There are 2 protein chains.
Amino acid sequence: VLITSGPTRQYVDPVRFLSNESSGRMGQALAEAVVSRGLDAVVVSGPVSLAYPREAQVIAITTTDDLLAACMEQFPRCDALIAAAAPCDFRPEKVADQKISKSGRGLTLQLVETPDVLAALAAVKGGRPVMGFALETEQGRQRAALKLKQKNCDFIVLNSPQSLNQPATEVEVIDRSGEVVATFSGSKGSVARALVGLLLP
Amino acid sequence: VLITSGPTRQYVDPVRFLSNESSGRMGQALAEAVVSRGLDAVVVSGPVSLAYPREAQVIAITTTDDLLAACMEQFPRCDALIAAAAPCDFRPEKVADQKISKSGRGLTLQLVETPDVLAALAAVKGGRPVMGFALETEQGRQRAALKLKQKNCDFIVLNSPQSLNQPATEVEVIDRSGEVVATFSGSKGSVARALVGLLLP
């Protein structure tokens with residue numbers, strides 16, 4: 001099972017970057033749930049400060065492009081995908097060679113969109129089950145259902161920013177019908193086991 | 001001794017932020033060096049995933065404005081300052097209420113400069129010794145010497161991006177003469193003890 005986990009980073013200059021609060025905790029819990037089912041886990045993870053299960057193969061990446069490249073390499077030998085990473089959706093158009101100094105005039109950062117990793121993987125999924133995650137701060141269900149369709153997922157897990165970097169979470173799972181088919185809440189461990197059970201019955 | 005440590009974060013929307021690679025390791029080593037000298041350490045720290053010595057008082061902050069406010073509150077009761085934090089120098093002019101969605105057109109982020117925490121503290125230092133840090137990717141000594149003067153520090157410690165989030169480091173220390181008065185390299189623990197020894201002989 002291929003699992004993506006954690007944030008990505010998009011550098012502005014050699015020391016500054018754009019990122020998000022994803023901690024990799026859900027990815028860690030998912031890897032543990034997969035491994036505890038006796039399945040092999042391949043985790044492609046952005047920079048996190050936690051440990052994945054030692055039974056998992058872990059591939060460390062930094063940017064969204066790295067994430068896509070590593071996943072494209074691993075997905076052919078996997079039977080399912082759980083995309084729990086929070087890749088940066090935007091990156092600076094230019095990365096400065098040197099640290100940008102204060103000038104007294106502020107700074108305009110032109111951002112461009114990064115590739116959609118989940119959509120790119122699900123486009124080549126064939127019959128393999130794919131579970132994506134959506135983090136929304138408004139119109140959660142509508143947007144999640146739309147993402148599921150646009151990205152060709154079998155399930156999309158809707159969570160909220162309140163669960164980022166927290167031990168517990170509460171999620172709604174939407175399937176291809178566009179309906180909420182399950183709601184799980186509790187520790188990320190128990191929620192992860194329920195999600196893996198849903199994807200790989 | 002007041003010690004600032006770690007990065008700050010400046011949010012773009014509820015989940016995305018600008019930050020940098022500072023891990024708080026040098027601040028942790030400095031706090032340990034201060035405590036091991038039998039002195040009290042007050043650590044004002046951005047988001048990090050490491051533990052400061054339990055003898056230290058730790059104040060957790062997120063943004064550069066938070067860092068400044070917490071330090072301004074603590075500095076009056078301290079006898080020295082070591083500013084090892086890497087505060088964000090820029091913040092988005094506006095923070096979006098809701099997560100910004102991809103539109104297919106990219107995004108322009110207008111950034112404004114954040115307050116200079118080290119300069120603000122050193123301006124009211126009186127006779128208290130102040131050590132700042134400078135991370136430069138080019139013209140390091142010149143820029144560090146200029147920063148020392150502009151910011152009214154007694155010492156400025158010049159380090160390079162290669163030392164960020166690493167166990168070891170190599171630094172040059174510049175004093176008010178503008179000259180390199182010491183070079184320390186080794187574990188951050190040994191370098192921190194040498195820096196504390198220089199500031200508080």
# chains A, B, ... in the order shown; residues from 1 in each chain; ligands from 1
$ interface_residues --of "chain B" --to "chain A" --cutoff "8 Å" --atoms "only C-alpha atoms" --output "list in words"
Pro14, Val15, Arg16, Phe17, Leu18, Ser19, Asn20, Glu21, Ser49, Asp89, Phe90, Gln98, Lys99, Lys102, Gly104, Arg105, Gly106, Leu107, Thr108, Leu109, Gln110, Leu111, Val112, Glu113, Glu136, Thr137, Glu138 and Pro161 of chain B
$ residues_around --residues "Ser36 of chain B" --least-positions-apart "6" --cutoff "12 Å" --atoms "only C-alpha atoms" --output "PyMOL selection string"
chain B and resi 29-30+53-56+189+192-193+196-197
$ select_by_dssp --residues "segment 28-153 of chain B" --states "strand (DSSP E)" --output "PyMOL selection string"
chain B and resi 42-45+57-60+81-83+90-92+107-113+130-135
$ select_by_dssp --residues "segment 83-185 of chain B" --states "alpha helix (DSSP H)" --output "ChimeraX atom specification"
/B:117-122,140-151
$ write_last_selection --atoms "all heavy atoms" --output "tab-separated table (two decimals), in the first residue's frame"
chain	number	residue	atom	x	y	z
B	117	VAL	N	13.11	42.06	15.79
B	117	VAL	CA	13.04	41.72	17.21
B	117	VAL	C	14.35	42.03	17.93
B	117	VAL	O	14.37	42.64	19.00
B	117	VAL	CB	12.66	40.23	17.40
B	117	VAL	CG1	12.65	39.85	18.87
B	117	VAL	CG2	11.30	39.95	16.76
B	118	LEU	N	15.45	41.61	17.32
B	118	LEU	CA	16.76	41.82	17.95
B	118	LEU	C	17.05	43.31	18.12
B	118	LEU	O	17.46	43.76	19.20
B	118	LEU	CB	17.84	41.14	17.10
B	118	LEU	CG	19.29	41.33	17.53
B	118	LEU	CD1	19.52	40.92	18.98
B	118	LEU	CD2	20.22	40.55	16.59
B	119	ALA	N	16.78	44.09	17.08
B	119	ALA	CA	17.04	45.54	17.16
B	119	ALA	C	16.15	46.20	18.22
B	119	ALA	O	16.60	47.08	18.96
B	119	ALA	CB	16.81	46.19	15.79
B	120	ALA	N	14.89	45.76	18.29
B	120	ALA	CA	13.95	46.35	19.26
B	120	ALA	C	14.41	46.06	20.69
B	120	ALA	O	14.33	46.93	21.57
B	120	ALA	CB	12.55	45.80	19.03
B	121	LEU	N	14.90	44.86	20.93
B	121	LEU	CA	15.35	44.50	22.27
B	121	LEU	C	16.67	45.19	22.60
B	121	LEU	O	16.84	45.73	23.70
B	121	LEU	CB	15.52	42.98	22.38
B	121	LEU	CG	14.21	42.17	22.33
B	121	LEU	CD1	14.51	40.69	22.16
B	121	LEU	CD2	13.38	42.41	23.58
B	122	ALA	N	17.60	45.17	21.64
B	122	ALA	CA	18.92	45.75	21.91
B	122	ALA	C	18.84	47.26	22.09
B	122	ALA	O	19.68	47.85	22.77
B	122	ALA	CB	19.89	45.38	20.79
B	140	GLY	N	29.05	37.23	4.15
B	140	GLY	CA	28.66	36.99	5.53
B	140	GLY	C	29.25	37.95	6.55
B	140	GLY	O	28.51	38.58	7.31
B	141	ARG	N	30.60	38.10	6.55
B	141	ARG	CA	31.23	38.94	7.58
B	141	ARG	C	30.81	40.39	7.49
B	141	ARG	O	30.52	41.04	8.50
B	141	ARG	CB	32.76	38.87	7.44
B	141	ARG	CG	33.32	37.61	8.02
B	141	ARG	CD	34.82	37.65	8.00
B	141	ARG	NE	35.33	36.29	8.11
B	141	ARG	CZ	36.60	35.96	7.99
B	141	ARG	NH1	37.51	36.90	7.74
B	141	ARG	NH2	36.98	34.71	8.11
B	142	GLN	N	30.79	40.92	6.27
B	142	GLN	CA	30.40	42.32	6.09
B	142	GLN	C	28.98	42.57	6.60
B	142	GLN	O	28.72	43.52	7.32
B	142	GLN	CB	30.36	42.65	4.59
B	142	GLN	CG	31.65	43.09	3.99
B	142	GLN	CD	31.49	43.15	2.47
B	142	GLN	OE1	31.80	42.16	1.78
B	142	GLN	NE2	31.00	44.27	1.95
B	143	ARG	N	28.08	41.68	6.19
B	143	ARG	CA	26.68	41.87	6.58
B	143	ARG	C	26.49	41.67	8.07
B	143	ARG	O	25.70	42.37	8.70
B	143	ARG	CB	25.80	40.87	5.83
B	143	ARG	CG	25.73	41.19	4.36
B	143	ARG	CD	24.65	40.40	3.70
B	143	ARG	NE	24.51	40.83	2.31
B	143	ARG	CZ	23.53	40.49	1.52
B	143	ARG	NH1	22.58	39.67	1.97
B	143	ARG	NH2	23.48	40.92	0.29
B	144	ALA	N	27.21	40.70	8.64
B	144	ALA	CA	27.08	40.44	10.07
B	144	ALA	C	27.59	41.65	10.86
B	144	ALA	O	26.97	42.08	11.84
B	144	ALA	CB	27.85	39.17	10.45
B	145	ALA	N	28.72	42.21	10.42
B	145	ALA	CA	29.29	43.37	11.11
B	145	ALA	C	28.34	44.57	11.03
B	145	ALA	O	28.16	45.32	12.00
B	145	ALA	CB	30.66	43.72	10.52
B	146	LEU	N	27.71	44.72	9.87
B	146	LEU	CA	26.75	45.81	9.69
B	146	LEU	C	25.52	45.60	10.59
B	146	LEU	O	25.04	46.54	11.24
B	146	LEU	CB	26.31	45.84	8.21
B	146	LEU	CG	25.48	47.05	7.78
B	146	LEU	CD1	26.31	48.32	7.85
B	146	LEU	CD2	24.96	46.86	6.34
B	147	LYS	N	25.05	44.37	10.65
B	147	LYS	CA	23.90	44.06	11.52
B	147	LYS	C	24.22	44.35	12.98
B	147	LYS	O	23.39	44.88	13.71
B	147	LYS	CB	23.52	42.57	11.39
B	147	LYS	CG	22.65	42.27	10.18
B	147	LYS	CD	22.12	40.83	10.19
B	147	LYS	CE	21.21	40.61	8.97
B	147	LYS	NZ	20.76	39.21	8.85
B	148	LEU	N	25.42	43.97	13.40
B	148	LEU	CA	25.83	44.21	14.78
B	148	LEU	C	25.70	45.69	15.12
B	148	LEU	O	25.15	46.06	16.15
B	148	LEU	CB	27.27	43.72	15.00
B	148	LEU	CG	27.85	43.91	16.41
B	148	LEU	CD1	28.74	42.74	16.79
B	148	LEU	CD2	28.63	45.22	16.51
B	149	LYS	N	26.21	46.52	14.23
B	149	LYS	CA	26.17	47.97	14.45
B	149	LYS	C	24.73	48.49	14.43
B	149	LYS	O	24.29	49.18	15.34
B	149	LYS	CB	26.97	48.68	13.36
B	149	LYS	CG	28.21	49.32	13.91
B	149	LYS	CD	28.86	50.23	12.91
B	149	LYS	CE	30.24	50.57	13.42
B	149	LYS	NZ	31.13	51.03	12.35
B	150	GLN	N	24.02	48.15	13.36
B	150	GLN	CA	22.65	48.66	13.19
B	150	GLN	C	21.76	48.25	14.35
B	150	GLN	O	20.84	48.95	14.73
B	150	GLN	CB	22.04	48.11	11.89
B	150	GLN	CG	22.62	48.74	10.64
B	150	GLN	CD	22.11	48.06	9.37
B	150	GLN	OE1	21.69	46.90	9.42
B	150	GLN	NE2	22.15	48.75	8.26
B	151	LYS	N	22.02	47.04	14.89
B	151	LYS	CA	21.13	46.48	15.89
B	151	LYS	C	21.63	46.64	17.31
B	151	LYS	O	21.00	46.14	18.24
B	151	LYS	CB	20.87	45.01	15.57
B	151	LYS	CG	20.26	44.80	14.20
B	151	LYS	CD	19.80	43.38	13.98
B	151	LYS	CE	19.28	43.23	12.54
B	151	LYS	NZ	18.56	41.97	12.33
$ atom_distance --atom1 "atom CA of Ala84 of chain B" --atom2 "atom CA of Gly6 of chain B"
7.3 Å
$ closest_residue --among "A:Asp116, A:Asp79, A:Asp175, A:Glu32" --to "Leu67 of chain A" --atoms "only C-alpha atoms"
A:Asp116
$ closest_residue --among "A:Thr8, A:Thr183, A:Ser163, A:Lys188" --to "Asp65 of chain A" --atoms "only C-alpha atoms"
A:Thr8
$ atom_distance --atom1 "atom CA of Lys125 of chain A" --atom2 "atom CA of Ser185 of chain A"
28.4 Å
$ closest_residue --among "A:Ser23, A:Val43, A:Ala70, A:Ala85" --to "Ser5 of chain A" --atoms "only C-alpha atoms"
A:Ala85
$ atom_distance --atom1 "atom CA of Gly127 of chain B" --atom2 "atom CA of Asp66 of chain B"
25.1 Å
$ decode --residues "segment 11-61 of chain A" --atoms "N, CA and C atoms" --output "mmCIF file, in the first residue's frame"
data_model
loop_
_atom_site.group_PDB
_atom_site.id
_atom_site.type_symbol
_atom_site.label_atom_id
_atom_site.label_comp_id
_atom_site.auth_asym_id
_atom_site.auth_seq_id
_atom_site.Cartn_x
_atom_site.Cartn_y
_atom_site.Cartn_z
ATOM 1 N N TYR A 11 10.525 26.164 -1.419
ATOM 2 C CA TYR A 11 11.470 27.199 -1.006
ATOM 3 C C TYR A 11 11.297 28.509 -1.761
ATOM 4 N N VAL A 12 11.477 29.609 -1.011
ATOM 5 C CA VAL A 12 11.473 30.959 -1.556
ATOM 6 C C VAL A 12 12.915 31.382 -1.853
ATOM 7 N N ASP A 13 13.806 30.982 -0.961
ATOM 8 C CA ASP A 13 15.238 31.236 -1.081
ATOM 9 C C ASP A 13 15.934 30.110 -0.300
ATOM 10 N N PRO A 14 17.266 30.154 -0.091
ATOM 11 C CA PRO A 14 17.897 28.973 0.523
ATOM 12 C C PRO A 14 17.417 28.635 1.942
ATOM 13 N N VAL A 15 16.781 29.571 2.648
ATOM 14 C CA VAL A 15 16.362 29.267 4.020
ATOM 15 C C VAL A 15 14.862 29.380 4.295
ATOM 16 N N ARG A 16 14.144 30.077 3.436
ATOM 17 C CA ARG A 16 12.716 30.299 3.697
ATOM 18 C C ARG A 16 11.856 29.425 2.791
ATOM 19 N N PHE A 17 10.717 28.990 3.323
ATOM 20 C CA PHE A 17 9.828 28.163 2.517
ATOM 21 C C PHE A 17 8.377 28.382 2.891
ATOM 22 N N LEU A 18 7.509 27.953 1.982
ATOM 23 C CA LEU A 18 6.074 27.835 2.237
ATOM 24 C C LEU A 18 5.804 26.399 2.653
ATOM 25 N N SER A 19 4.967 26.210 3.671
ATOM 26 C CA SER A 19 4.595 24.860 4.065
ATOM 27 C C SER A 19 3.246 24.916 4.765
ATOM 28 N N ASN A 20 2.911 23.869 5.486
ATOM 29 C CA ASN A 20 1.650 23.833 6.220
ATOM 30 C C ASN A 20 1.829 22.990 7.474
ATOM 31 N N GLU A 21 0.772 22.924 8.265
ATOM 32 C CA GLU A 21 0.889 22.335 9.606
ATOM 33 C C GLU A 21 0.824 20.814 9.647
ATOM 34 N N SER A 22 0.714 20.177 8.513
ATOM 35 C CA SER A 22 0.633 18.715 8.527
ATOM 36 C C SER A 22 1.833 18.133 9.269
ATOM 37 N N SER A 23 1.564 17.202 10.174
ATOM 38 C CA SER A 23 2.624 16.645 11.016
ATOM 39 C C SER A 23 3.051 15.251 10.581
ATOM 40 N N GLY A 24 2.258 14.623 9.712
ATOM 41 C CA GLY A 24 2.521 13.230 9.347
ATOM 42 C C GLY A 24 1.895 12.226 10.304
ATOM 43 N N ARG A 25 1.166 12.698 11.323
ATOM 44 C CA ARG A 25 0.590 11.776 12.313
ATOM 45 C C ARG A 25 -0.428 10.826 11.693
ATOM 46 N N MET A 26 -1.265 11.350 10.803
ATOM 47 C CA MET A 26 -2.256 10.475 10.169
ATOM 48 C C MET A 26 -1.554 9.469 9.266
ATOM 49 N N GLY A 27 -0.542 9.912 8.532
ATOM 50 C CA GLY A 27 0.219 8.994 7.674
ATOM 51 C C GLY A 27 0.906 7.914 8.493
ATOM 52 N N GLN A 28 1.428 8.315 9.643
ATOM 53 C CA GLN A 28 2.073 7.354 10.551
ATOM 54 C C GLN A 28 1.040 6.323 11.025
ATOM 55 N N ALA A 29 -0.137 6.803 11.433
ATOM 56 C CA ALA A 29 -1.188 5.901 11.920
ATOM 57 C C ALA A 29 -1.660 4.972 10.800
ATOM 58 N N LEU A 30 -1.753 5.509 9.574
ATOM 59 C CA LEU A 30 -2.157 4.685 8.435
ATOM 60 C C LEU A 30 -1.112 3.611 8.141
ATOM 61 N N ALA A 31 0.158 3.982 8.208
ATOM 62 C CA ALA A 31 1.232 3.007 7.959
ATOM 63 C C ALA A 31 1.178 1.906 9.018
ATOM 64 N N GLU A 32 0.935 2.298 10.265
ATOM 65 C CA GLU A 32 0.832 1.301 11.337
ATOM 66 C C GLU A 32 -0.354 0.369 11.103
ATOM 67 N N ALA A 33 -1.474 0.954 10.661
ATOM 68 C CA ALA A 33 -2.668 0.129 10.410
ATOM 69 C C ALA A 33 -2.430 -0.849 9.266
ATOM 70 N N VAL A 34 -1.728 -0.379 8.230
ATOM 71 C CA VAL A 34 -1.439 -1.247 7.073
ATOM 72 C C VAL A 34 -0.510 -2.388 7.491
ATOM 73 N N VAL A 35 0.544 -2.024 8.213
ATOM 74 C CA VAL A 35 1.535 -3.011 8.643
ATOM 75 C C VAL A 35 0.893 -4.033 9.593
ATOM 76 N N SER A 36 0.022 -3.557 10.457
ATOM 77 C CA SER A 36 -0.612 -4.464 11.429
ATOM 78 C C SER A 36 -1.594 -5.430 10.738
ATOM 79 N N ARG A 37 -1.973 -5.105 9.514
ATOM 80 C CA ARG A 37 -2.804 -6.028 8.727
ATOM 81 C C ARG A 37 -1.934 -7.062 7.997
ATOM 82 N N GLY A 38 -0.613 -6.962 8.184
ATOM 83 C CA GLY A 38 0.298 -7.891 7.515
ATOM 84 C C GLY A 38 0.609 -7.489 6.088
ATOM 85 N N LEU A 39 0.263 -6.237 5.737
ATOM 86 C CA LEU A 39 0.525 -5.745 4.381
ATOM 87 C C LEU A 39 1.807 -4.913 4.363
ATOM 88 N N ASP A 40 2.379 -4.740 3.184
ATOM 89 C CA ASP A 40 3.577 -3.909 3.048
ATOM 90 C C ASP A 40 3.175 -2.452 2.850
ATOM 91 N N ALA A 41 3.856 -1.556 3.544
ATOM 92 C CA ALA A 41 3.587 -0.119 3.412
ATOM 93 C C ALA A 41 4.805 0.573 2.803
ATOM 94 N N VAL A 42 4.551 1.394 1.782
ATOM 95 C CA VAL A 42 5.577 2.282 1.229
ATOM 96 C C VAL A 42 5.109 3.699 1.553
ATOM 97 N N VAL A 43 5.878 4.401 2.392
ATOM 98 C CA VAL A 43 5.482 5.749 2.814
ATOM 99 C C VAL A 43 6.364 6.768 2.106
ATOM 100 N N VAL A 44 5.743 7.675 1.350
ATOM 101 C CA VAL A 44 6.485 8.794 0.770
ATOM 102 C C VAL A 44 6.125 10.007 1.614
ATOM 103 N N SER A 45 7.121 10.537 2.330
ATOM 104 C CA SER A 45 6.831 11.536 3.363
ATOM 105 C C SER A 45 7.635 12.811 3.200
ATOM 106 N N GLY A 46 6.977 13.933 3.397
ATOM 107 C CA GLY A 46 7.650 15.222 3.510
ATOM 108 C C GLY A 46 8.340 15.325 4.866
ATOM 109 N N PRO A 47 8.959 16.483 5.142
ATOM 110 C CA PRO A 47 9.723 16.663 6.380
ATOM 111 C C PRO A 47 8.820 16.583 7.617
ATOM 112 N N VAL A 48 9.034 15.599 8.445
ATOM 113 C CA VAL A 48 8.267 15.420 9.685
ATOM 114 C C VAL A 48 9.246 15.076 10.800
ATOM 115 N N SER A 49 8.764 15.159 12.035
ATOM 116 C CA SER A 49 9.666 14.847 13.151
ATOM 117 C C SER A 49 9.145 13.633 13.919
ATOM 118 N N LEU A 50 8.498 12.727 13.232
ATOM 119 C CA LEU A 50 8.028 11.511 13.888
ATOM 120 C C LEU A 50 8.590 10.301 13.153
ATOM 121 N N ALA A 51 8.416 9.136 13.757
ATOM 122 C CA ALA A 51 8.981 7.911 13.198
ATOM 123 C C ALA A 51 7.868 7.046 12.613
ATOM 124 N N TYR A 52 8.062 6.568 11.396
ATOM 125 C CA TYR A 52 7.134 5.614 10.796
ATOM 126 C C TYR A 52 7.485 4.215 11.286
ATOM 127 N N PRO A 53 6.538 3.260 11.176
ATOM 128 C CA PRO A 53 6.854 1.908 11.648
ATOM 129 C C PRO A 53 8.078 1.352 10.912
ATOM 130 N N ARG A 54 8.912 0.628 11.637
ATOM 131 C CA ARG A 54 10.156 0.167 11.018
ATOM 132 C C ARG A 54 9.911 -0.844 9.894
ATOM 133 N N GLU A 55 8.714 -1.439 9.896
ATOM 134 C CA GLU A 55 8.388 -2.393 8.821
ATOM 135 C C GLU A 55 8.093 -1.665 7.509
ATOM 136 N N ALA A 56 7.819 -0.368 7.574
ATOM 137 C CA ALA A 56 7.476 0.383 6.360
ATOM 138 C C ALA A 56 8.741 0.799 5.619
ATOM 139 N N GLN A 57 8.626 0.867 4.285
ATOM 140 C CA GLN A 57 9.700 1.482 3.502
ATOM 141 C C GLN A 57 9.385 2.972 3.434
ATOM 142 N N VAL A 58 10.319 3.806 3.849
ATOM 143 C CA VAL A 58 10.053 5.248 3.899
ATOM 144 C C VAL A 58 10.938 5.975 2.891
ATOM 145 N N ILE A 59 10.312 6.800 2.077
ATOM 146 C CA ILE A 59 11.039 7.615 1.097
ATOM 147 C C ILE A 59 10.813 9.072 1.470
ATOM 148 N N ALA A 60 11.891 9.775 1.800
ATOM 149 C CA ALA A 60 11.777 11.168 2.257
ATOM 150 C C ALA A 60 11.883 12.121 1.079
ATOM 151 N N ILE A 61 10.944 13.049 1.002
ATOM 152 C CA ILE A 61 10.950 14.044 -0.070
ATOM 153 C C ILE A 61 10.742 15.438 0.547
#
